Amino acid sequence: MRKPLVAALFALVITGAGAAPAIAAPEPAAAPVKAAVGSVVDTANKTVADLAAPAIQAVNFAGTVSLSNCSGSVVRMPDSENDDPALVMTNGHCLESGFPDAGEVIVDQASTRTFGLLNSAGTRVGTLRANKIAYGTMTDTDMAVYQLTTTYAQIKSTYGIDALVYDTARPAVGNAITVVSGYWKRTYSCAVDGYAYRLKEGAWTWKDSIRYTSACQTIGGTSGSPVVNDATGKVVGVNNTGNESGGRCTDNNPCEVDANGTVTVRRGINYAQQTWHVPACFGVDNKLDLSASGCILPKP
């Protein structure tokens with residue numbers, strides 16, 4: 001699990017705690033050429049295609065939060081109302097009560113946990129407080145959802161920050177994604193490499209986990225970070241673990257198990273849990289309803 005570790009701190013001393021800002025490389029000077037009819041047509045076609053293509057918004061820190069031990073984000077369902085109590089998503093293994101047991105599901109448990117709200121630049125601009133853990137588990141998925149004492153409208157009015165929205169579509173292999181850590185104020189960019197039918201780590205087993213390409217080298221403290229689809233800006237997963245040393249199905253060394261029971265170990269590869277199915281489990285006023293049609297989250 002990706003909680004803060006001494007090794008993670010050492011890694012940051014070497015690599016730096018923040019992601020370097022992207023800058024455009026200077027374009028080489030082009031040699032003068034004569035314009036041809038074909039090139040004019042090609043240019044016109046490209047212009048039309050560029051206008052038709054959806055604009056990709058740069059992923060930033062707005063709406064992410066820092067926890068005492070993990071990362072997280074303020075999230076909303078596609079049909080949430082502005083006056084609904086806001087929600088914060090992180091990992092089940094980030095709960096203040098410790099790791100839930102295999103098979104344990106926590107619902108509507110009182111909490112006064114606080115979260116540091118970040119703006120687009122990664123600056124902490126305020127503190128949000130929970131009144132309960134709406135949902136938490138490490139069974140089938142590794143996720144916790146806190147209900148806050150403030151609404152989305154109040155957060156927007158006070159801080160000018162919108163919540164991140166859940167995507168209800170399963171991310172596709174090859175989709176460009178960004179893992180946004182509020183704990184480290186750092187982003188990791190890569191792509192969906194594939195899916196683990198079952199991901200087993202110690203006593204816990206997770207279903208249909210997202211496997212990152214090797215570029216997302218997440219570290220301790222990135223647990224609970226939202227995984228954002230770069231093309232839509234929506235949340236498609238929650239970052240939770242990675243195989244650190246090549247161990248087989250042990251703590252901090254998850255293994256993949258396919259439908260035939262074959263075990264695969266991928267040292268240095270990291271994972272997230274999908275979230276497309278979460279909105280089906282929350283109804284009017286962002287109330288949890290595990291009996292709702294389409295809700296596949298584990299029940300107590």
# chains A, B, ... in the order shown; residues from 1 in each chain; ligands from 1

call {"tool": "residues_around", "arguments": {"residues": "Val284 in chain A", "least_positions_apart": "6", "cutoff": "9 Å", "atoms": "only C-alpha atoms", "output": "list in words"}}
result
Asp79, Ser80, Glu81 and Asp84 of chain A

call {"tool": "select_by_dssp", "arguments": {"residues": "range 114-224 of chain A", "states": "strand (DSSP E)", "output": "CSV table (one decimal) with N, CA, C and O atoms, in the first residue's frame"}}
result
chain,number,residue,atom,x,y,z
A,114,THR,N,-9.9,15.8,9.3
A,114,THR,CA,-9.7,17.0,8.5
A,114,THR,C,-8.8,16.8,7.3
A,114,THR,O,-8.0,15.9,7.2
A,115,PHE,N,-9.0,17.6,6.3
A,115,PHE,CA,-8.4,17.5,5.0
A,115,PHE,C,-7.9,18.9,4.5
A,115,PHE,O,-8.6,19.9,4.6
A,116,GLY,N,-6.7,19.0,4.0
A,116,GLY,CA,-6.1,20.2,3.5
A,116,GLY,C,-6.5,20.3,2.0
A,116,GLY,O,-6.1,19.5,1.2
A,117,LEU,N,-7.3,21.4,1.7
A,117,LEU,CA,-7.8,21.6,0.3
A,117,LEU,C,-6.7,22.3,-0.5
A,117,LEU,O,-6.2,23.4,0.0
A,118,LEU,N,-6.4,21.8,-1.7
A,118,LEU,CA,-5.4,22.5,-2.5
A,118,LEU,C,-6.1,23.2,-3.7
A,118,LEU,O,-7.1,22.7,-4.2
A,124,ARG,N,-2.1,24.9,-0.3
A,124,ARG,CA,-3.2,24.6,0.6
A,124,ARG,C,-4.0,25.9,0.9
A,124,ARG,O,-3.4,26.9,1.4
A,125,VAL,N,-5.3,25.9,0.6
A,125,VAL,CA,-6.1,27.2,0.8
A,125,VAL,C,-7.1,27.1,1.9
A,125,VAL,O,-7.7,28.1,2.2
A,126,GLY,N,-7.3,25.9,2.4
A,126,GLY,CA,-8.3,25.8,3.5
A,126,GLY,C,-8.3,24.4,4.1
A,126,GLY,O,-7.6,23.5,3.6
A,127,THR,N,-9.1,24.2,5.1
A,127,THR,CA,-9.3,22.9,5.8
A,127,THR,C,-10.7,22.5,5.7
A,127,THR,O,-11.6,23.3,6.1
A,128,LEU,N,-11.0,21.3,5.3
A,128,LEU,CA,-12.3,20.7,5.2
A,128,LEU,C,-12.4,19.7,6.4
A,128,LEU,O,-11.4,19.0,6.7
A,129,ARG,N,-13.6,19.5,6.9
A,129,ARG,CA,-13.8,18.5,8.0
A,129,ARG,C,-14.9,17.5,7.6
A,129,ARG,O,-16.0,17.9,7.1
A,130,ALA,N,-14.7,16.3,8.0
A,130,ALA,CA,-15.7,15.2,7.8
A,130,ALA,C,-16.7,15.2,9.0
A,130,ALA,O,-16.3,15.6,10.1
A,131,ASN,N,-17.9,14.7,8.8
A,131,ASN,CA,-18.7,14.3,9.9
A,131,ASN,C,-18.9,12.8,10.0
A,131,ASN,O,-19.4,12.3,11.0
A,132,LYS,N,-18.6,12.1,8.9
A,132,LYS,CA,-18.7,10.6,8.9
A,132,LYS,C,-17.9,10.0,7.8
A,132,LYS,O,-17.6,10.6,6.8
A,133,ILE,N,-17.6,8.7,8.0
A,133,ILE,CA,-17.1,7.9,6.9
A,133,ILE,C,-18.3,7.3,6.3
A,133,ILE,O,-19.0,6.4,6.9
A,134,ALA,N,-18.7,7.7,5.1
A,134,ALA,CA,-19.9,7.2,4.4
A,134,ALA,C,-19.6,5.7,4.0
A,134,ALA,O,-20.5,4.9,4.1
A,135,TYR,N,-18.4,5.4,3.6
A,135,TYR,CA,-18.1,4.1,3.1
A,135,TYR,C,-16.6,3.8,3.1
A,135,TYR,O,-15.8,4.7,2.8
A,136,GLY,N,-16.2,2.6,3.5
A,136,GLY,CA,-14.8,2.3,3.5
A,136,GLY,C,-14.6,0.8,3.5
A,136,GLY,O,-15.3,0.0,4.2
A,137,THR,N,-13.7,0.3,2.7
A,137,THR,CA,-13.4,-1.1,2.7
A,137,THR,C,-12.1,-1.4,2.0
A,137,THR,O,-11.5,-0.5,1.3
A,143,MET,N,-11.0,1.6,-1.0
A,143,MET,CA,-11.6,2.9,-1.1
A,143,MET,C,-12.3,3.3,0.1
A,143,MET,O,-12.9,2.5,0.8
A,144,ALA,N,-12.3,4.6,0.4
A,144,ALA,CA,-13.0,5.2,1.5
A,144,ALA,C,-13.6,6.5,1.0
A,144,ALA,O,-13.0,7.2,0.2
A,145,VAL,N,-14.9,6.8,1.4
A,145,VAL,CA,-15.5,8.0,1.0
A,145,VAL,C,-16.0,8.7,2.3
A,145,VAL,O,-16.8,8.1,3.0
A,146,TYR,N,-15.5,9.9,2.5
A,146,TYR,CA,-15.9,10.7,3.7
A,146,TYR,C,-17.0,11.7,3.3
A,146,TYR,O,-16.9,12.3,2.2
A,147,GLN,N,-18.0,11.9,4.2
A,147,GLN,CA,-18.9,13.0,4.0
A,147,GLN,C,-18.5,14.2,4.8
A,147,GLN,O,-18.1,14.1,5.9
A,148,LEU,N,-18.5,15.4,4.1
A,148,LEU,CA,-18.0,16.6,4.8
A,148,LEU,C,-19.1,17.4,5.4
A,148,LEU,O,-20.3,17.2,5.2
A,149,THR,N,-18.7,18.4,6.3
A,149,THR,CA,-19.7,19.2,6.9
A,149,THR,C,-20.1,20.4,6.0
A,149,THR,O,-20.9,21.2,6.4
A,150,THR,N,-19.4,20.5,4.8
A,150,THR,CA,-19.7,21.6,3.9
A,150,THR,C,-20.2,21.0,2.6
A,150,THR,O,-20.0,19.9,2.2
A,151,THR,N,-21.0,21.9,1.9
A,151,THR,CA,-21.5,21.5,0.6
A,151,THR,C,-20.6,21.9,-0.5
A,151,THR,O,-19.6,22.7,-0.3
A,164,LEU,N,-13.9,17.2,-8.2
A,164,LEU,CA,-13.7,16.4,-9.3
A,164,LEU,C,-14.9,15.5,-9.6
A,164,LEU,O,-15.5,15.1,-8.6
A,165,VAL,N,-15.2,15.2,-10.8
A,165,VAL,CA,-16.4,14.4,-11.1
A,165,VAL,C,-16.0,13.0,-11.5
A,165,VAL,O,-15.0,12.8,-12.3
A,176,ALA,N,-4.5,8.0,-21.6
A,176,ALA,CA,-3.5,8.8,-20.9
A,176,ALA,C,-4.1,9.2,-19.5
A,176,ALA,O,-5.3,9.7,-19.5
A,177,ILE,N,-3.4,9.0,-18.4
A,177,ILE,CA,-4.0,9.3,-17.1
A,177,ILE,C,-2.9,10.0,-16.3
A,177,ILE,O,-1.7,10.0,-16.6
A,178,THR,N,-3.4,10.7,-15.3
A,178,THR,CA,-2.5,11.4,-14.3
A,178,THR,C,-3.0,11.1,-12.9
A,178,THR,O,-4.1,11.2,-12.6
A,179,VAL,N,-2.0,10.7,-12.1
A,179,VAL,CA,-2.2,10.4,-10.7
A,179,VAL,C,-1.8,11.7,-9.9
A,179,VAL,O,-0.7,12.2,-10.1
A,180,VAL,N,-2.7,12.3,-9.2
A,180,VAL,CA,-2.5,13.6,-8.6
A,180,VAL,C,-2.4,13.5,-7.0
A,180,VAL,O,-3.5,13.2,-6.4
A,181,SER,N,-1.3,13.6,-6.5
A,181,SER,CA,-1.0,13.4,-5.0
A,181,SER,C,-1.1,14.7,-4.3
A,181,SER,O,-0.2,15.6,-4.4
A,186,ARG,N,2.4,16.5,-6.0
A,186,ARG,CA,3.1,16.0,-7.2
A,186,ARG,C,2.2,15.1,-8.1
A,186,ARG,O,1.3,14.5,-7.6
A,187,THR,N,2.5,15.2,-9.4
A,187,THR,CA,1.7,14.4,-10.3
A,187,THR,C,2.5,13.4,-11.0
A,187,THR,O,3.7,13.5,-11.1
A,188,TYR,N,1.9,12.3,-11.4
A,188,TYR,CA,2.5,11.2,-12.2
A,188,TYR,C,1.7,11.0,-13.4
A,188,TYR,O,0.5,10.7,-13.3
A,189,SER,N,2.3,11.0,-14.6
A,189,SER,CA,1.6,10.8,-15.8
A,189,SER,C,2.1,9.6,-16.5
A,189,SER,O,3.3,9.3,-16.7
A,190,CYS,N,1.1,8.8,-17.0
A,190,CYS,CA,1.4,7.5,-17.7
A,190,CYS,C,0.1,7.1,-18.5
A,190,CYS,O,-0.6,8.0,-18.9
A,191,ALA,N,-0.1,5.9,-18.7
A,191,ALA,CA,-1.3,5.4,-19.4
A,191,ALA,C,-1.8,4.1,-18.7
A,191,ALA,O,-1.1,3.5,-17.9
A,192,VAL,N,-3.0,3.8,-19.0
A,192,VAL,CA,-3.6,2.5,-18.6
A,192,VAL,C,-2.9,1.4,-19.4
A,192,VAL,O,-3.1,1.3,-20.6
A,193,ASP,N,-2.2,0.5,-18.7
A,193,ASP,CA,-1.5,-0.6,-19.4
A,193,ASP,C,-2.4,-1.8,-19.5
A,193,ASP,O,-2.2,-2.6,-20.5
A,194,GLY,N,-3.3,-2.0,-18.6
A,194,GLY,CA,-4.2,-3.1,-18.7
A,194,GLY,C,-4.9,-3.3,-17.3
A,194,GLY,O,-4.9,-2.4,-16.5
A,195,TYR,N,-5.4,-4.5,-17.1
A,195,TYR,CA,-6.2,-4.7,-15.9
A,195,TYR,C,-5.8,-6.0,-15.2
A,195,TYR,O,-5.5,-7.0,-15.9
A,196,ALA,N,-5.8,-6.1,-13.9
A,196,ALA,CA,-5.5,-7.3,-13.2
A,196,ALA,C,-6.8,-7.9,-12.8
A,196,ALA,O,-7.6,-7.3,-12.1
A,197,TYR,N,-7.1,-9.1,-13.3
A,197,TYR,CA,-8.4,-9.8,-12.9
A,197,TYR,C,-8.5,-9.8,-11.4
A,197,TYR,O,-9.6,-9.5,-10.9
A,198,ARG,N,-7.5,-10.2,-10.7
A,198,ARG,CA,-7.5,-10.1,-9.3
A,198,ARG,C,-6.1,-9.6,-8.9
A,198,ARG,O,-5.1,-10.0,-9.5
A,199,LEU,N,-6.0,-8.7,-7.9
A,199,LEU,CA,-4.8,-8.2,-7.4
A,199,LEU,C,-4.7,-8.6,-5.9
A,199,LEU,O,-5.6,-8.2,-5.2
A,200,LYS,N,-3.7,-9.4,-5.6
A,200,LYS,CA,-3.7,-9.9,-4.2
A,200,LYS,C,-2.5,-9.3,-3.5
A,200,LYS,O,-1.3,-9.4,-4.0
A,201,GLU,N,-2.7,-8.8,-2.3
A,201,GLU,CA,-1.6,-8.2,-1.5
A,201,GLU,C,-1.9,-8.6,0.0
A,201,GLU,O,-2.8,-8.2,0.6
A,204,TRP,N,-5.5,-9.2,1.5
A,204,TRP,CA,-6.5,-8.5,0.7
A,204,TRP,C,-6.5,-8.9,-0.8
A,204,TRP,O,-5.4,-9.1,-1.3
A,205,THR,N,-7.7,-8.9,-1.4
A,205,THR,CA,-7.8,-9.2,-2.8
A,205,THR,C,-8.7,-8.1,-3.4
A,205,THR,O,-9.8,-7.8,-2.9
A,206,TRP,N,-8.2,-7.5,-4.5
A,206,TRP,CA,-9.0,-6.5,-5.2
A,206,TRP,C,-9.3,-7.0,-6.6
A,206,TRP,O,-8.5,-7.7,-7.3
A,207,LYS,N,-10.5,-6.5,-7.2
A,207,LYS,CA,-11.0,-7.0,-8.5
A,207,LYS,C,-10.8,-6.0,-9.6
A,207,LYS,O,-11.0,-4.8,-9.4
A,208,ASP,N,-10.3,-6.4,-10.7
A,208,ASP,CA,-10.3,-5.6,-11.9
A,208,ASP,C,-9.5,-4.3,-11.7
A,208,ASP,O,-10.0,-3.2,-12.1
A,209,SER,N,-8.3,-4.4,-11.2
A,209,SER,CA,-7.5,-3.3,-10.8
A,209,SER,C,-6.9,-2.7,-12.1
A,209,SER,O,-6.5,-3.4,-13.0
A,210,ILE,N,-6.7,-1.4,-12.1
A,210,ILE,CA,-6.0,-0.7,-13.2
A,210,ILE,C,-4.5,-0.9,-13.0
A,210,ILE,O,-4.0,-0.7,-11.9
A,211,ARG,N,-3.8,-1.4,-14.0
A,211,ARG,CA,-2.3,-1.4,-14.0
A,211,ARG,C,-1.8,-0.3,-14.8
A,211,ARG,O,-2.2,0.0,-16.0
A,212,TYR,N,-0.9,0.5,-14.2
A,212,TYR,CA,-0.2,1.6,-14.9
A,212,TYR,C,0.9,1.1,-15.8
A,212,TYR,O,1.5,0.1,-15.5

call {"tool": "closest_residue", "arguments": {"among": "A:Ala215, A:Ala231, A:Cys70, A:Ala153", "to": "Asn270 in chain A", "atoms": "only C-alpha atoms"}}
result
A:Ala215

call {"tool": "closest_residue", "arguments": {"among": "A:Ile161, A:Ile106, A:Ile269, A:Val173", "to": "Val65 in chain A", "atoms": "only C-alpha atoms"}}
result
A:Ile161

call {"tool": "closest_residue", "arguments": {"among": "A:Met1, A:Ala172, A:Val107, A:Met89", "to": "Gly202 in chain A", "atoms": "only C-alpha atoms"}}
result
A:Met1

call {"tool": "atom_distance", "arguments": {"atom1": "CA of Pro254 in chain A", "atom2": "CA of Gly182 in chain A"}}
result
23.7 Å

call {"tool": "residues_around", "arguments": {"residues": "range 245-248 of chain A", "least_positions_apart": "2", "cutoff": "8 Å", "atoms": "only C-alpha atoms", "output": "ChimeraX atom specification"}}
result
/A:243,250,253-255,265-268

call {"tool": "write_last_selection", "arguments": {"atoms": "N, CA, C and O atoms", "output": "PDB file, in the first residue's frame"}}
result
ATOM      1  N   ASN A 243       4.077  -2.997  -6.612  1.00  0.00           N
ATOM      2  CA  ASN A 243       5.018  -4.042  -6.221  1.00  0.00           C
ATOM      3  C   ASN A 243       6.401  -3.418  -6.063  1.00  0.00           C
ATOM      4  O   ASN A 243       7.038  -3.021  -7.030  1.00  0.00           O
ATOM      5  N   THR A 250       2.721 -10.444  -1.238  1.00  0.00           N
ATOM      6  CA  THR A 250       2.938 -10.048   0.151  1.00  0.00           C
ATOM      7  C   THR A 250       2.637  -8.570   0.336  1.00  0.00           C
ATOM      8  O   THR A 250       2.430  -7.837  -0.628  1.00  0.00           O
ATOM      9  N   ASN A 253       3.828  -5.815  -1.967  1.00  0.00           N
ATOM     10  CA  ASN A 253       4.255  -6.538  -3.168  1.00  0.00           C
ATOM     11  C   ASN A 253       3.081  -7.318  -3.751  1.00  0.00           C
ATOM     12  O   ASN A 253       3.066  -8.558  -3.736  1.00  0.00           O
ATOM     13  N   PRO A 254       2.074  -6.602  -4.257  1.00  0.00           N
ATOM     14  CA  PRO A 254       0.908  -7.305  -4.807  1.00  0.00           C
ATOM     15  C   PRO A 254       1.278  -8.115  -6.043  1.00  0.00           C
ATOM     16  O   PRO A 254       2.220  -7.782  -6.769  1.00  0.00           O
ATOM     17  N   CYS A 255       0.509  -9.167  -6.256  1.00  0.00           N
ATOM     18  CA  CYS A 255       0.673  -9.991  -7.454  1.00  0.00           C
ATOM     19  C   CYS A 255      -0.647 -10.035  -8.198  1.00  0.00           C
ATOM     20  O   CYS A 255      -1.718  -9.832  -7.621  1.00  0.00           O
ATOM     21  N   VAL A 265       3.987 -11.654 -11.211  1.00  0.00           N
ATOM     22  CA  VAL A 265       4.592 -10.611 -10.383  1.00  0.00           C
ATOM     23  C   VAL A 265       5.233  -9.583 -11.307  1.00  0.00           C
ATOM     24  O   VAL A 265       6.015  -9.942 -12.192  1.00  0.00           O
ATOM     25  N   ARG A 266       4.929  -8.316 -11.105  1.00  0.00           N
ATOM     26  CA  ARG A 266       5.487  -7.240 -11.933  1.00  0.00           C
ATOM     27  C   ARG A 266       6.191  -6.232 -11.017  1.00  0.00           C
ATOM     28  O   ARG A 266       5.596  -5.274 -10.542  1.00  0.00           O
ATOM     29  N   ARG A 267       7.448  -6.462 -10.796  1.00  0.00           N
ATOM     30  CA  ARG A 267       8.217  -5.593  -9.902  1.00  0.00           C
ATOM     31  C   ARG A 267       8.262  -4.158 -10.453  1.00  0.00           C
ATOM     32  O   ARG A 267       8.499  -3.942 -11.639  1.00  0.00           O
ATOM     33  N   GLY A 268       8.011  -3.183  -9.563  1.00  0.00           N
ATOM     34  CA  GLY A 268       8.077  -1.786  -9.948  1.00  0.00           C
ATOM     35  C   GLY A 268       6.839  -1.248 -10.640  1.00  0.00           C
ATOM     36  O   GLY A 268       6.804  -0.078 -11.017  1.00  0.00           O
TER      37      GLY A 268
END

call {"tool": "closest_residue", "arguments": {"among": "A:Ser214, A:Ser71, A:Ser120, A:Gln154", "to": "Ala58 in chain A", "atoms": "only C-alpha atoms"}}
result
A:Ser120

call {"tool": "closest_residue", "arguments": {"among": "A:His93, A:Lys299, A:Arg170, A:Arg76", "to": "Gly283 in chain A", "atoms": "only C-alpha atoms"}}
result
A:Arg76

call {"tool": "select_by_dssp", "arguments": {"residues": "range 46-277 of chain A", "states": "alpha helix (DSSP H)", "output": "PyMOL selection string"}}
result
chain A and resi 46-52+152-159

call {"tool": "closest_residue", "arguments": {"among": "A:Val105, A:Ala121, A:Ala280, A:Ala163", "to": "Met138 in chain A", "atoms": "only C-alpha atoms"}}
result
A:Val105

call {"tool": "atom_distance", "arguments": {"atom1": "CA of Asp285 in chain A", "atom2": "CA of Pro100 in chain A"}}
result
26.5 Å

call {"tool": "residues_around", "arguments": {"residues": "Asn91 in chain A", "least_positions_apart": "4", "cutoff": "8 Å", "atoms": "only C-alpha atoms", "output": "MDAnalysis selection string"}}
result
chainID A and resid 72 95 136 142:144 223:224 238:240
